$ cat entry_11.txt   # compact mmCIF, C-alpha atoms (C1' of nucleotides)
# COMPACT_ATOMS: atom_id res chain seq x y z
CA MET A 1 -3.37 26.07 0.98
CA ASP A 2 -1.84 22.60 0.65
CA THR A 3 0.98 21.69 -1.65
CA HIS A 4 2.28 18.30 -2.67
CA LEU A 5 5.90 17.85 -3.66
CA ASP A 6 6.88 14.89 -5.82
CA LEU A 7 10.50 14.20 -6.71
CA ASP A 8 10.82 13.47 -10.42
CA GLN A 9 11.97 9.95 -11.29
CA PHE A 10 13.44 9.77 -7.80
CA ILE A 11 15.29 6.43 -7.82
CA ALA A 12 16.55 6.91 -11.36
CA ALA A 13 17.66 10.47 -10.55
CA VAL A 14 19.64 9.32 -7.51
CA GLU A 15 21.31 6.59 -9.56
CA LEU A 16 22.19 9.00 -12.36
CA LEU A 17 23.83 11.34 -9.85
CA ARG A 18 26.07 8.45 -8.87
CA HIS A 19 26.60 7.32 -12.45
CA PRO A 20 26.65 10.49 -14.58
CA GLU A 21 28.14 8.52 -17.47
CA LEU A 22 24.80 6.71 -17.84
CA ARG A 23 22.88 9.87 -18.73
CA GLY A 24 21.11 9.58 -22.07
CA ILE A 25 21.13 5.79 -22.24
CA PRO A 26 18.43 3.32 -21.09
CA VAL A 27 18.84 2.39 -17.41
CA VAL A 28 16.70 -0.04 -15.43
CA VAL A 29 16.95 -0.36 -11.62
CA GLY A 30 15.76 -3.40 -9.74
CA GLY A 31 16.63 -6.46 -7.67
CA SER A 32 20.32 -7.25 -7.56
CA GLY A 33 20.80 -5.76 -11.00
CA ASP A 34 20.95 -9.12 -12.77
CA PRO A 35 18.37 -9.00 -15.57
CA THR A 36 18.47 -12.76 -16.06
CA GLN A 37 17.14 -13.37 -12.56
CA PRO A 38 13.57 -14.68 -12.59
CA ARG A 39 10.80 -13.16 -10.41
CA THR A 40 12.53 -9.81 -10.13
CA VAL A 41 10.88 -6.62 -11.31
CA ALA A 42 12.05 -3.12 -12.21
CA ALA A 43 11.84 -0.54 -9.43
CA THR A 44 12.14 2.18 -12.04
CA ALA A 45 13.30 2.86 -15.58
CA THR A 46 14.79 6.01 -17.06
CA TYR A 47 13.04 7.95 -19.78
CA GLU A 48 15.32 6.37 -22.39
CA ALA A 49 14.36 2.89 -21.13
CA ARG A 50 10.68 3.82 -21.15
CA GLU A 51 10.95 4.55 -24.83
CA HIS A 52 11.56 0.82 -25.27
CA GLY A 53 8.31 0.07 -23.44
CA ILE A 54 9.99 -0.67 -20.11
CA HIS A 55 8.23 0.49 -16.94
CA SER A 56 8.42 -0.07 -13.22
CA GLY A 57 6.93 -3.37 -12.15
CA MET A 58 7.98 -5.09 -15.36
CA PRO A 59 9.99 -8.30 -14.90
CA LEU A 60 13.70 -7.63 -15.52
CA ARG A 61 13.85 -10.52 -17.97
CA THR A 62 11.14 -8.86 -20.06
CA ALA A 63 12.98 -5.54 -19.87
CA LEU A 64 16.15 -7.24 -21.06
CA ARG A 65 14.30 -8.76 -23.99
CA ARG A 66 12.84 -5.38 -24.94
CA CYS A 67 16.12 -3.52 -24.67
CA PRO A 68 19.24 -5.74 -24.60
CA GLU A 69 21.55 -2.69 -24.57
CA ALA A 70 20.00 -1.25 -21.38
CA VAL A 71 22.16 -0.92 -18.28
CA PHE A 72 20.74 -2.75 -15.24
CA LEU A 73 21.58 -1.44 -11.77
CA PRO A 74 20.85 -3.07 -8.41
CA SER A 75 18.27 -1.44 -6.17
CA ASP A 76 19.94 0.32 -3.22
CA PRO A 77 17.28 1.30 -0.66
CA PRO A 78 19.72 2.81 1.90
CA ALA A 79 20.98 5.24 -0.76
CA TYR A 80 17.41 6.32 -1.58
CA GLU A 81 16.61 6.67 2.10
CA ALA A 82 19.65 8.93 2.58
CA ALA A 83 18.78 11.07 -0.46
CA SER A 84 15.20 11.33 0.74
CA GLU A 85 16.32 12.56 4.14
CA ARG A 86 18.47 15.25 2.54
CA VAL A 87 15.47 16.50 0.58
CA MET A 88 13.15 16.47 3.60
CA ALA A 89 15.77 18.39 5.62
CA VAL A 90 15.77 21.12 2.97
CA LEU A 91 11.96 21.35 3.14
CA ARG A 92 12.01 21.62 6.93
CA GLU A 93 14.18 24.73 6.73
CA PHE A 94 11.16 26.55 5.31
CA PRO A 95 8.47 27.95 7.63
CA ILE A 96 5.98 25.29 6.52
CA ALA A 97 4.44 22.08 7.84
CA VAL A 98 6.02 18.99 6.28
CA GLU A 99 4.25 15.63 6.09
CA VAL A 100 6.59 13.03 4.63
CA TRP A 101 4.79 10.60 2.31
CA GLY A 102 7.20 7.83 1.38
CA TRP A 103 10.70 8.34 -0.03
CA ASP A 104 9.92 10.80 -2.74
CA GLU A 105 6.82 12.71 -1.73
CA ALA A 106 5.73 15.22 0.89
CA PHE A 107 2.66 17.27 1.67
CA LEU A 108 3.42 20.84 2.68
CA GLY A 109 1.14 23.17 4.57
CA ALA A 110 1.70 26.89 4.22
CA THR A 111 -0.09 30.17 4.72
CA THR A 112 0.84 32.40 1.82
CA ASP A 113 -0.69 34.77 -0.73
CA ASN A 114 1.62 33.45 -3.39
CA PRO A 115 1.94 29.65 -3.29
CA GLU A 116 3.53 29.57 -6.74
CA ALA A 117 6.39 31.74 -5.50
CA LEU A 118 6.86 29.49 -2.48
CA ALA A 119 6.81 26.42 -4.72
CA ALA A 120 9.48 27.93 -6.97
CA ASP A 121 11.62 28.73 -3.92
CA LEU A 122 11.27 25.13 -2.74
CA GLN A 123 12.22 23.76 -6.13
CA HIS A 124 15.31 25.98 -6.31
CA ALA A 125 16.41 25.04 -2.81
CA VAL A 126 15.96 21.31 -3.40
CA ARG A 127 17.79 21.55 -6.71
CA ALA A 128 20.67 23.60 -5.28
CA ARG A 129 21.19 21.35 -2.29
CA THR A 130 20.48 17.87 -3.70
CA HIS A 131 20.63 18.23 -7.52
CA LEU A 132 17.19 16.63 -7.68
CA ASP A 133 14.18 17.97 -9.57
CA CYS A 134 10.70 17.99 -8.13
CA SER A 135 7.20 18.84 -9.25
CA ILE A 136 4.87 20.76 -7.00
CA GLY A 137 1.09 20.74 -6.94
CA ILE A 138 -1.05 23.33 -5.19
CA GLY A 139 -4.58 22.66 -3.97
CA ASP A 140 -7.24 23.39 -1.37
CA ASN A 141 -6.63 19.95 0.15
CA LYS A 142 -4.13 17.10 -0.08
CA HIS A 143 -6.13 15.19 -2.70
CA GLN A 144 -6.16 18.18 -5.07
CA ALA A 145 -2.50 18.98 -4.39
CA LYS A 146 -1.49 15.36 -5.02
CA LEU A 147 -3.22 15.27 -8.42
CA ALA A 148 -1.85 18.72 -9.25
CA SER A 149 1.75 17.58 -8.74
CA ALA A 150 1.23 14.91 -11.41
CA PHE A 151 0.03 17.61 -13.83
CA ALA A 152 3.14 19.62 -12.91
CA LYS A 153 5.62 16.98 -14.09
CA PRO A 154 8.37 17.36 -15.00
CA ALA A 155 9.85 19.96 -12.65
CA GLY A 156 6.82 22.23 -12.89
CA ILE A 157 4.19 23.86 -10.71
CA HIS A 158 0.44 23.34 -11.13
CA ARG A 159 -2.58 24.60 -9.23
CA LEU A 160 -5.73 22.48 -8.91
CA THR A 161 -8.33 23.97 -6.58
CA SER A 162 -12.11 23.88 -6.30
CA ASP A 163 -12.14 26.77 -8.82
CA ASN A 164 -10.80 24.67 -11.69
CA TRP A 165 -11.59 21.17 -10.40
CA ALA A 166 -14.63 20.54 -12.58
CA GLU A 167 -13.10 21.83 -15.80
CA THR A 168 -9.92 19.84 -15.18
CA MET A 169 -11.32 16.58 -13.84
CA ASN A 170 -14.95 16.13 -14.93
CA GLU A 171 -14.30 14.30 -18.19
CA ARG A 172 -11.49 12.10 -16.86
CA PRO A 173 -11.99 8.42 -15.97
CA THR A 174 -12.68 7.69 -12.30
CA ASP A 175 -9.28 6.07 -11.75
CA ALA A 176 -7.71 9.51 -12.22
CA LEU A 177 -8.74 10.09 -8.61
CA TRP A 178 -6.28 9.32 -5.82
CA GLY A 179 -7.77 6.28 -4.11
CA ILE A 180 -9.66 4.76 -7.03
CA GLY A 181 -7.71 2.13 -8.90
CA ALA A 182 -8.36 -0.16 -11.82
CA ARG A 183 -10.68 -2.56 -9.95
CA ILE A 184 -13.04 0.01 -8.47
CA SER A 185 -12.99 2.01 -11.69
CA LYS A 186 -14.17 -1.06 -13.59
CA LYS A 187 -16.94 -1.75 -11.08
CA LEU A 188 -18.05 1.88 -11.28
CA ALA A 189 -18.08 1.67 -15.08
CA ALA A 190 -20.32 -1.39 -14.84
CA LEU A 191 -22.77 0.83 -12.94
CA GLY A 192 -22.64 3.39 -15.75
CA LEU A 193 -20.24 5.67 -13.87
CA HIS A 194 -17.37 6.26 -16.28
CA THR A 195 -16.25 9.80 -15.56
CA VAL A 196 -15.45 11.87 -12.51
CA ALA A 197 -18.50 14.04 -13.24
CA GLN A 198 -20.78 11.00 -13.32
CA LEU A 199 -19.37 9.73 -10.02
CA ALA A 200 -19.75 13.16 -8.45
CA THR A 201 -23.49 13.16 -9.12
CA ALA A 202 -24.11 9.51 -8.23
CA ASP A 203 -26.49 8.58 -5.42
CA PRO A 204 -24.46 8.07 -2.20
CA ALA A 205 -26.91 5.40 -0.96
CA ASP A 206 -26.47 3.51 -4.23
CA LEU A 207 -22.70 3.68 -3.88
CA ALA A 208 -22.92 2.53 -0.26
CA ARG A 209 -24.89 -0.54 -1.31
CA HIS A 210 -22.27 -1.53 -3.87
CA PHE A 211 -19.07 -0.52 -2.09
CA GLY A 212 -19.92 -0.42 1.61
CA PRO A 213 -21.01 2.35 3.95
CA THR A 214 -17.60 4.02 4.17
CA ASN A 215 -16.08 3.46 0.75
CA GLY A 216 -19.13 4.16 -1.43
CA PRO A 217 -19.83 7.70 -0.26
CA TRP A 218 -16.10 8.36 -0.05
CA TYR A 219 -15.65 7.73 -3.80
CA ARG A 220 -18.25 10.40 -4.55
CA TYR A 221 -16.50 12.71 -2.13
CA LEU A 222 -13.24 12.22 -4.05
CA ALA A 223 -15.00 12.96 -7.35
CA LEU A 224 -16.16 16.28 -5.94
CA GLY A 225 -12.51 17.20 -5.34
CA LYS A 226 -12.82 17.02 -1.61
CA GLY A 227 -10.32 15.51 0.80
CA GLU A 228 -8.32 15.89 3.97
CA ALA A 229 -6.61 19.29 4.22
CA GLU A 230 -4.66 18.95 7.45
CA VAL A 231 -0.92 18.44 7.01
CA VAL A 232 0.13 16.16 9.85
CA THR A 233 3.67 16.67 11.10
CA THR A 234 3.62 14.28 14.05
CA PRO A 235 5.62 11.11 13.33
CA TRP A 236 3.60 8.21 11.99
CA ILE A 237 3.15 5.26 14.31
CA ALA A 238 3.23 2.05 12.30
CA ARG A 239 0.26 -0.30 12.73
CA GLY A 240 2.34 -3.32 11.96
CA HIS A 241 5.29 -4.71 10.10
CA SER A 242 6.03 -7.54 7.70
CA ARG A 243 8.71 -9.35 5.78
CA GLU A 244 8.21 -11.56 2.78
CA THR A 245 10.34 -13.42 0.26
CA THR A 246 9.63 -14.58 -3.26
CA PHE A 247 11.77 -17.60 -4.05
CA GLN A 248 13.48 -17.85 -7.39
CA HIS A 249 12.45 -21.50 -7.44
CA ASP A 250 9.33 -22.90 -5.82
CA LEU A 251 9.59 -24.66 -2.47
CA THR A 252 7.87 -27.98 -1.96
CA ASP A 253 9.65 -29.47 1.04
CA ARG A 254 7.87 -28.75 4.31
CA ALA A 255 11.18 -28.51 6.16
CA ASP A 256 12.29 -25.74 3.78
CA LEU A 257 9.02 -23.90 4.33
CA ALA A 258 9.38 -24.21 8.10
CA TYR A 259 12.96 -22.97 7.90
CA HIS A 260 12.02 -19.85 5.95
CA VAL A 261 9.01 -19.08 8.11
CA THR A 262 11.25 -19.35 11.16
CA THR A 263 13.78 -16.95 9.64
CA LEU A 264 11.08 -14.44 8.67
CA ALA A 265 9.46 -14.66 12.11
CA GLU A 266 12.80 -14.06 13.81
CA GLN A 267 13.49 -11.06 11.56
CA VAL A 268 10.10 -9.53 12.18
CA THR A 269 10.45 -10.00 15.94
CA GLN A 270 13.91 -8.43 15.88
CA ASP A 271 12.49 -5.50 13.87
CA ALA A 272 9.72 -5.07 16.45
CA ARG A 273 12.22 -5.08 19.31
CA GLU A 274 14.39 -2.49 17.59
CA ALA A 275 11.31 -0.33 17.04
CA GLY A 276 10.34 -0.78 20.69
CA ARG A 277 6.97 -2.28 19.76
CA GLU A 278 4.95 -5.26 21.05
CA ILE A 279 3.26 -7.82 18.81
CA THR A 280 -0.44 -8.63 19.14
CA ARG A 281 -1.13 -10.75 16.09
CA VAL A 282 0.81 -12.91 13.63
CA THR A 283 -0.12 -13.50 9.97
CA VAL A 284 1.53 -16.02 7.67
CA LYS A 285 1.17 -15.44 3.93
CA VAL A 286 1.66 -18.19 1.37
CA ARG A 287 1.65 -17.70 -2.38
CA THR A 288 1.52 -20.89 -4.41
CA THR A 289 1.51 -21.65 -8.10
CA PRO A 290 -0.43 -20.44 -9.97
CA PHE A 291 -0.01 -17.13 -8.12
CA LEU A 292 -2.64 -17.90 -5.50
CA THR A 293 -2.16 -15.95 -2.28
CA ARG A 294 -3.63 -17.05 1.05
CA THR A 295 -3.23 -15.70 4.60
CA ARG A 296 -3.85 -17.28 7.99
CA GLN A 297 -3.54 -15.33 11.19
CA SER A 298 -3.79 -15.69 14.91
CA THR A 299 -4.19 -13.18 17.71
CA LEU A 300 -1.81 -13.75 20.60
CA PRO A 301 -3.18 -14.26 24.13
CA ALA A 302 -1.04 -11.31 25.20
CA PRO A 303 1.29 -8.82 23.46
CA THR A 304 4.89 -10.03 23.32
CA THR A 305 8.33 -9.53 21.79
CA ASP A 306 9.47 -13.07 22.59
CA PRO A 307 11.08 -14.60 19.48
CA ALA A 308 10.23 -18.17 20.54
CA THR A 309 6.54 -17.32 20.94
CA ILE A 310 6.34 -15.57 17.57
CA THR A 311 8.23 -18.33 15.79
CA ARG A 312 6.13 -21.07 17.35
CA THR A 313 2.93 -19.21 16.49
CA ALA A 314 4.06 -18.67 12.90
CA LEU A 315 4.91 -22.35 12.45
CA THR A 316 1.53 -23.38 13.86
CA ILE A 317 -0.19 -21.00 11.44
CA LEU A 318 1.90 -22.36 8.55
CA ASP A 319 0.46 -25.81 9.25
CA ARG A 320 -3.06 -24.43 8.87
CA HIS A 321 -2.25 -23.59 5.23
CA ASP A 322 -2.90 -25.98 2.39
CA LEU A 323 0.69 -26.79 1.41
CA THR A 324 0.00 -29.25 -1.36
CA ARG A 325 1.05 -26.85 -4.14
CA PRO A 326 4.56 -25.50 -4.81
CA VAL A 327 5.20 -22.32 -2.82
CA ARG A 328 6.67 -19.22 -4.49
CA LEU A 329 6.33 -16.76 -1.60
CA LEU A 330 6.32 -16.85 2.17
CA GLY A 331 5.64 -13.87 4.40
CA VAL A 332 5.27 -13.16 8.10
CA ALA A 333 3.40 -10.05 9.21
CA VAL A 334 2.69 -8.78 12.70
CA ASP A 335 0.36 -6.20 14.19
CA TYR A 336 1.64 -3.91 16.91
CA THR A 337 -0.04 -2.67 20.06
CA MET A 338 -0.95 0.97 19.58
CA PRO A 339 -0.35 3.60 22.26
CA ASP A 340 -3.42 4.71 24.25
CA GLN A 341 -4.96 1.26 24.17
C1' DT B 1 4.73 -8.75 -19.05
C1' DC B 2 4.42 -15.49 -15.52
C1' DT B 3 3.71 -11.16 -12.20
C1' DG B 4 8.59 -7.44 -5.72
C1' DG B 5 8.19 -5.73 -1.01
C1' DG B 6 6.12 -3.00 2.50
C1' DG B 7 2.39 -0.74 4.08
C1' DT B 8 -2.97 1.00 5.30
C1' DC B 9 -7.88 0.61 5.60
C1' DC B 10 -12.42 -1.59 4.81
C1' DT B 11 -15.80 -5.44 4.53
C1' DA B 12 -18.29 -9.63 5.41
C1' DG B 13 -19.22 -13.41 8.02
C1' DG B 14 -18.87 -16.20 12.09
C1' DA B 15 -18.27 -16.90 17.14
C1' DC B 16 -19.62 -15.66 21.40
C1' DC B 17 -21.98 -13.23 24.95
C1' DC B 18 -25.83 -10.91 27.24
C1' DT C 1 -37.13 -25.97 22.13
C1' DC C 2 -39.39 -23.53 17.41
C1' DT C 3 -35.46 -18.49 18.73
C1' DG C 4 -34.80 -11.65 19.01
C1' DG C 5 -31.39 -8.21 18.78
C1' DG C 6 -27.17 -5.98 19.61
C1' DG C 7 -22.30 -5.58 20.59
C1' DT C 8 -17.64 -7.00 20.10
C1' DC C 9 -13.89 -9.66 18.69
C1' DC C 10 -11.70 -12.39 15.26
C1' DT C 11 -10.51 -14.00 10.63
C1' DA C 12 -9.73 -13.85 5.63
C1' DG C 13 -9.70 -11.38 1.71
C1' DG C 14 -9.80 -7.28 -1.28
C1' DA C 15 -8.34 -2.84 -2.75
C1' DC C 16 -5.33 0.86 -2.82
C1' DC C 17 -0.86 3.26 -2.43
C1' DC C 18 4.39 4.11 -2.76
$ encode --input "entry_11.txt" --output "structure tokens"
Amino acid sequence: MDTHLDLDQFIAAVELLRHPELRGIPVVVGGSGDPTQPRTVAATATYEAREHGIHSGMPLRTALRRCPEAVFLPSDPPAYEAASERVMAVLREFPIAVEVWGWDEAFLGATTDNPEALAADLQHAVRARTHLDCSIGIGDNKHQAKLASAFAKPAGIHRLTSDNWAETMNERPTDALWGIGARISKKLAALGLHTVAQLATADPADLARHFGPTNGPWYRYLALGKGEAEVVTTPWIARGHSRETTFQHDLTDRADLAYHVTTLAEQVTQDAREAGREITRVTVKVRTTPFLTRTRQSTLPAPTTDPATITRTALTILDRHDLTRPVRLLGVAVDYTMPDQ
DNA sequence: TCTGGGGTCCTAGGACCC
DNA sequence: TCTGGGGTCCTAGGACCC
């Protein structure tokens, strides 16, 4: 039996623990906390802020317009990281497998006759030790458990297994599945596949023709409620790493672009060194007005952690971009060598 | 609603080689 | 030279997720 644990309103909850006086009023977290700053979006919004139509991903300036009396707090990733680690430590004290999935989620593998009782124990322990609420989903695999935890919100427990999959999911739109978003859902709808039930009975060869040999059949697999069941506890080895910056005002001067690419390349190389990883490929991302994103990349002749090599490569790649339009974002990404290669 | 930052995986097409 | 077929690597972009 797999379970998925999802902390409720994680970032907002951590902030409200630090600022109890803000309970009950609209709070928006994001950027440096200055809602007049352009090109900054909300990381999260409290329930009270949501009632004003504010949601995560919304530009802070829009949020401010919708709710001028809202309190805006800066995003504080180290604080969320620390809170997350406290929660994961509580989970690891249980005789269960823990697969950390971002800051505020974890998959848990357990052998038990009574998963609801285990889930309640976990909720009580997390609440007692961290003052944070979580929702827990129970399923036959991680996909089912993940969807179940959403049904469990707030602070509840829900079971979604193959026994009640069809009755729960069949009439829902395809983007209710974990792994199908708005784009694929729209393409599926254009093929007459609107619901999970319709996708589940679609022809796999048909899907493969439209979505590729891996993705097509996989979508049908998701619609049948199937998915990976193994909870992996071994630490994740990152495939790569990146840093990017959106500028509050567009850049047009090539010297400015070169300066920022150099800084990003140096940061990324330093990150790689600290992680003890070697770089095999460099990608430079450029987003111009009107929100057009392009990437250029180059594979290195040999893996390296030499800052000069990475910087030089990044600058050469930058010159392969069309830089005739104002630039709003620059990014440098690298791929790492993987062990056993 | 003028639209963040950091990831992962898949696909299609071209280059190149045998 | 009118040109087969397969394998592999590389690049650029798309889609999804937290």
$ residues_around --input "entry_11.txt" --residues "range 6-12 of chain C" --least-positions-apart "5" --cutoff "12 Å" --atoms "only C-alpha atoms (C1' of nucleotides)" --output "JSON, numbers by chain"
{"A": [281, 282, 283, 284, 285, 293, 294, 295, 296, 297, 298, 299, 300], "B": [11, 12, 13, 14, 15, 16, 17, 18]}
$ closest_atom_pairs --input "entry_11.txt" --of "chain A" --to "chain B" --cutoff "10 Å" --atoms "only C-alpha atoms (C1' of nucleotides)" --output "Markdown table"
| residue | atom | partner | partner_atom | distance |
| --- | --- | --- | --- | --- |
| A:Gly30 | CA | B:DG4 | C1' | 9.2 |
| A:Gly31 | CA | B:DG4 | C1' | 8.3 |
| A:Pro38 | CA | B:DC2 | C1' | 9.6 |
| A:Arg39 | CA | B:DT3 | C1' | 7.6 |
| A:Thr40 | CA | B:DG4 | C1' | 6.4 |
| A:Val41 | CA | B:DG4 | C1' | 6.1 |
| A:Ala42 | CA | B:DG4 | C1' | 8.5 |
| A:Ala43 | CA | B:DG4 | C1' | 8.5 |
| A:Ile54 | CA | B:DT1 | C1' | 9.7 |
| A:Gly57 | CA | B:DG4 | C1' | 7.8 |
| A:Met58 | CA | B:DT1 | C1' | 6.1 |
| A:Pro59 | CA | B:DT1 | C1' | 6.7 |
| A:Leu60 | CA | B:DT1 | C1' | 9.7 |
| A:Arg61 | CA | B:DT1 | C1' | 9.4 |
| A:Thr62 | CA | B:DT1 | C1' | 6.5 |
| A:Ala63 | CA | B:DT1 | C1' | 8.9 |
| A:Phe211 | CA | B:DT11 | C1' | 8.9 |
| A:Gly212 | CA | B:DT11 | C1' | 7.1 |
| A:Pro213 | CA | B:DT11 | C1' | 9.4 |
| A:Thr214 | CA | B:DC10 | C1' | 7.7 |
| A:Asn215 | CA | B:DC10 | C1' | 7.4 |
| A:Ala238 | CA | B:DG7 | C1' | 8.7 |
| A:Arg239 | CA | B:DT8 | C1' | 8.2 |
| A:Gly240 | CA | B:DG7 | C1' | 8.3 |
| A:His241 | CA | B:DG7 | C1' | 7.8 |
| A:Ser242 | CA | B:DG6 | C1' | 6.9 |
| A:Arg243 | CA | B:DG6 | C1' | 7.6 |
| A:Glu244 | CA | B:DG5 | C1' | 7.0 |
| A:Thr245 | CA | B:DG5 | C1' | 8.1 |
| A:Thr246 | CA | B:DG4 | C1' | 7.6 |
| A:Pro290 | CA | B:DC2 | C1' | 8.9 |
| A:Phe291 | CA | B:DT3 | C1' | 8.1 |
$ atom_distance --input "entry_11.txt" --atom1 "CA of Pro217 in chain A" --atom2 "CA of Leu199 in chain A"
10.0 Å
$ decode --input "entry_11.txt" --residues "range 106-119 of chain A" --atoms "N, CA, C and O atoms" --output "PDB file, in the first residue's frame"
ATOM      1  N   ALA A 106       5.622  13.851   0.260  1.00  0.00           N
ATOM      2  CA  ALA A 106       6.410  12.625   0.376  1.00  0.00           C
ATOM      3  C   ALA A 106       5.531  11.435   0.039  1.00  0.00           C
ATOM      4  O   ALA A 106       4.329  11.437   0.334  1.00  0.00           O
ATOM      5  N   PHE A 107       6.122  10.444  -0.611  1.00  0.00           N
ATOM      6  CA  PHE A 107       5.464   9.147  -0.769  1.00  0.00           C
ATOM      7  C   PHE A 107       5.959   8.237   0.341  1.00  0.00           C
ATOM      8  O   PHE A 107       7.147   8.249   0.689  1.00  0.00           O
ATOM      9  N   LEU A 108       5.027   7.471   0.902  1.00  0.00           N
ATOM     10  CA  LEU A 108       5.357   6.595   2.022  1.00  0.00           C
ATOM     11  C   LEU A 108       4.951   5.175   1.667  1.00  0.00           C
ATOM     12  O   LEU A 108       3.843   4.938   1.183  1.00  0.00           O
ATOM     13  N   GLY A 109       5.851   4.251   1.886  1.00  0.00           N
ATOM     14  CA  GLY A 109       5.548   2.851   1.637  1.00  0.00           C
ATOM     15  C   GLY A 109       5.439   2.114   2.955  1.00  0.00           C
ATOM     16  O   GLY A 109       6.325   2.213   3.800  1.00  0.00           O
ATOM     17  N   ALA A 110       4.333   1.398   3.137  1.00  0.00           N
ATOM     18  CA  ALA A 110       4.120   0.701   4.401  1.00  0.00           C
ATOM     19  C   ALA A 110       3.389  -0.606   4.177  1.00  0.00           C
ATOM     20  O   ALA A 110       2.619  -0.744   3.228  1.00  0.00           O
ATOM     21  N   THR A 111       3.650  -1.563   5.027  1.00  0.00           N
ATOM     22  CA  THR A 111       2.893  -2.807   5.032  1.00  0.00           C
ATOM     23  C   THR A 111       2.025  -2.790   6.280  1.00  0.00           C
ATOM     24  O   THR A 111       2.535  -2.860   7.392  1.00  0.00           O
ATOM     25  N   THR A 112       0.727  -2.636   6.070  1.00  0.00           N
ATOM     26  CA  THR A 112      -0.171  -2.540   7.223  1.00  0.00           C
ATOM     27  C   THR A 112      -1.576  -2.972   6.823  1.00  0.00           C
ATOM     28  O   THR A 112      -1.981  -2.795   5.673  1.00  0.00           O
ATOM     29  N   ASP A 113      -2.322  -3.499   7.788  1.00  0.00           N
ATOM     30  CA  ASP A 113      -3.717  -3.866   7.553  1.00  0.00           C
ATOM     31  C   ASP A 113      -4.627  -2.654   7.681  1.00  0.00           C
ATOM     32  O   ASP A 113      -5.767  -2.687   7.247  1.00  0.00           O
ATOM     33  N   ASN A 114      -4.094  -1.621   8.304  1.00  0.00           N
ATOM     34  CA  ASN A 114      -4.936  -0.467   8.605  1.00  0.00           C
ATOM     35  C   ASN A 114      -4.227   0.833   8.226  1.00  0.00           C
ATOM     36  O   ASN A 114      -3.748   1.564   9.092  1.00  0.00           O
ATOM     37  N   PRO A 115      -4.160   1.126   6.917  1.00  0.00           N
ATOM     38  CA  PRO A 115      -3.435   2.329   6.488  1.00  0.00           C
ATOM     39  C   PRO A 115      -4.042   3.617   7.018  1.00  0.00           C
ATOM     40  O   PRO A 115      -3.317   4.590   7.256  1.00  0.00           O
ATOM     41  N   GLU A 116      -5.374   3.621   7.222  1.00  0.00           N
ATOM     42  CA  GLU A 116      -5.993   4.842   7.764  1.00  0.00           C
ATOM     43  C   GLU A 116      -5.477   5.150   9.164  1.00  0.00           C
ATOM     44  O   GLU A 116      -5.254   6.317   9.514  1.00  0.00           O
ATOM     45  N   ALA A 117      -5.281   4.093   9.958  1.00  0.00           N
ATOM     46  CA  ALA A 117      -4.773   4.305  11.322  1.00  0.00           C
ATOM     47  C   ALA A 117      -3.346   4.826  11.277  1.00  0.00           C
ATOM     48  O   ALA A 117      -2.976   5.744  12.021  1.00  0.00           O
ATOM     49  N   LEU A 118      -2.547   4.262  10.376  1.00  0.00           N
ATOM     50  CA  LEU A 118      -1.175   4.750  10.220  1.00  0.00           C
ATOM     51  C   LEU A 118      -1.179   6.213   9.781  1.00  0.00           C
ATOM     52  O   LEU A 118      -0.424   7.045  10.314  1.00  0.00           O
ATOM     53  N   ALA A 119      -2.044   6.531   8.823  1.00  0.00           N
ATOM     54  CA  ALA A 119      -2.124   7.911   8.322  1.00  0.00           C
ATOM     55  C   ALA A 119      -2.490   8.874   9.452  1.00  0.00           C
ATOM     56  O   ALA A 119      -1.900   9.959   9.573  1.00  0.00           O
TER      57      ALA A 119
END
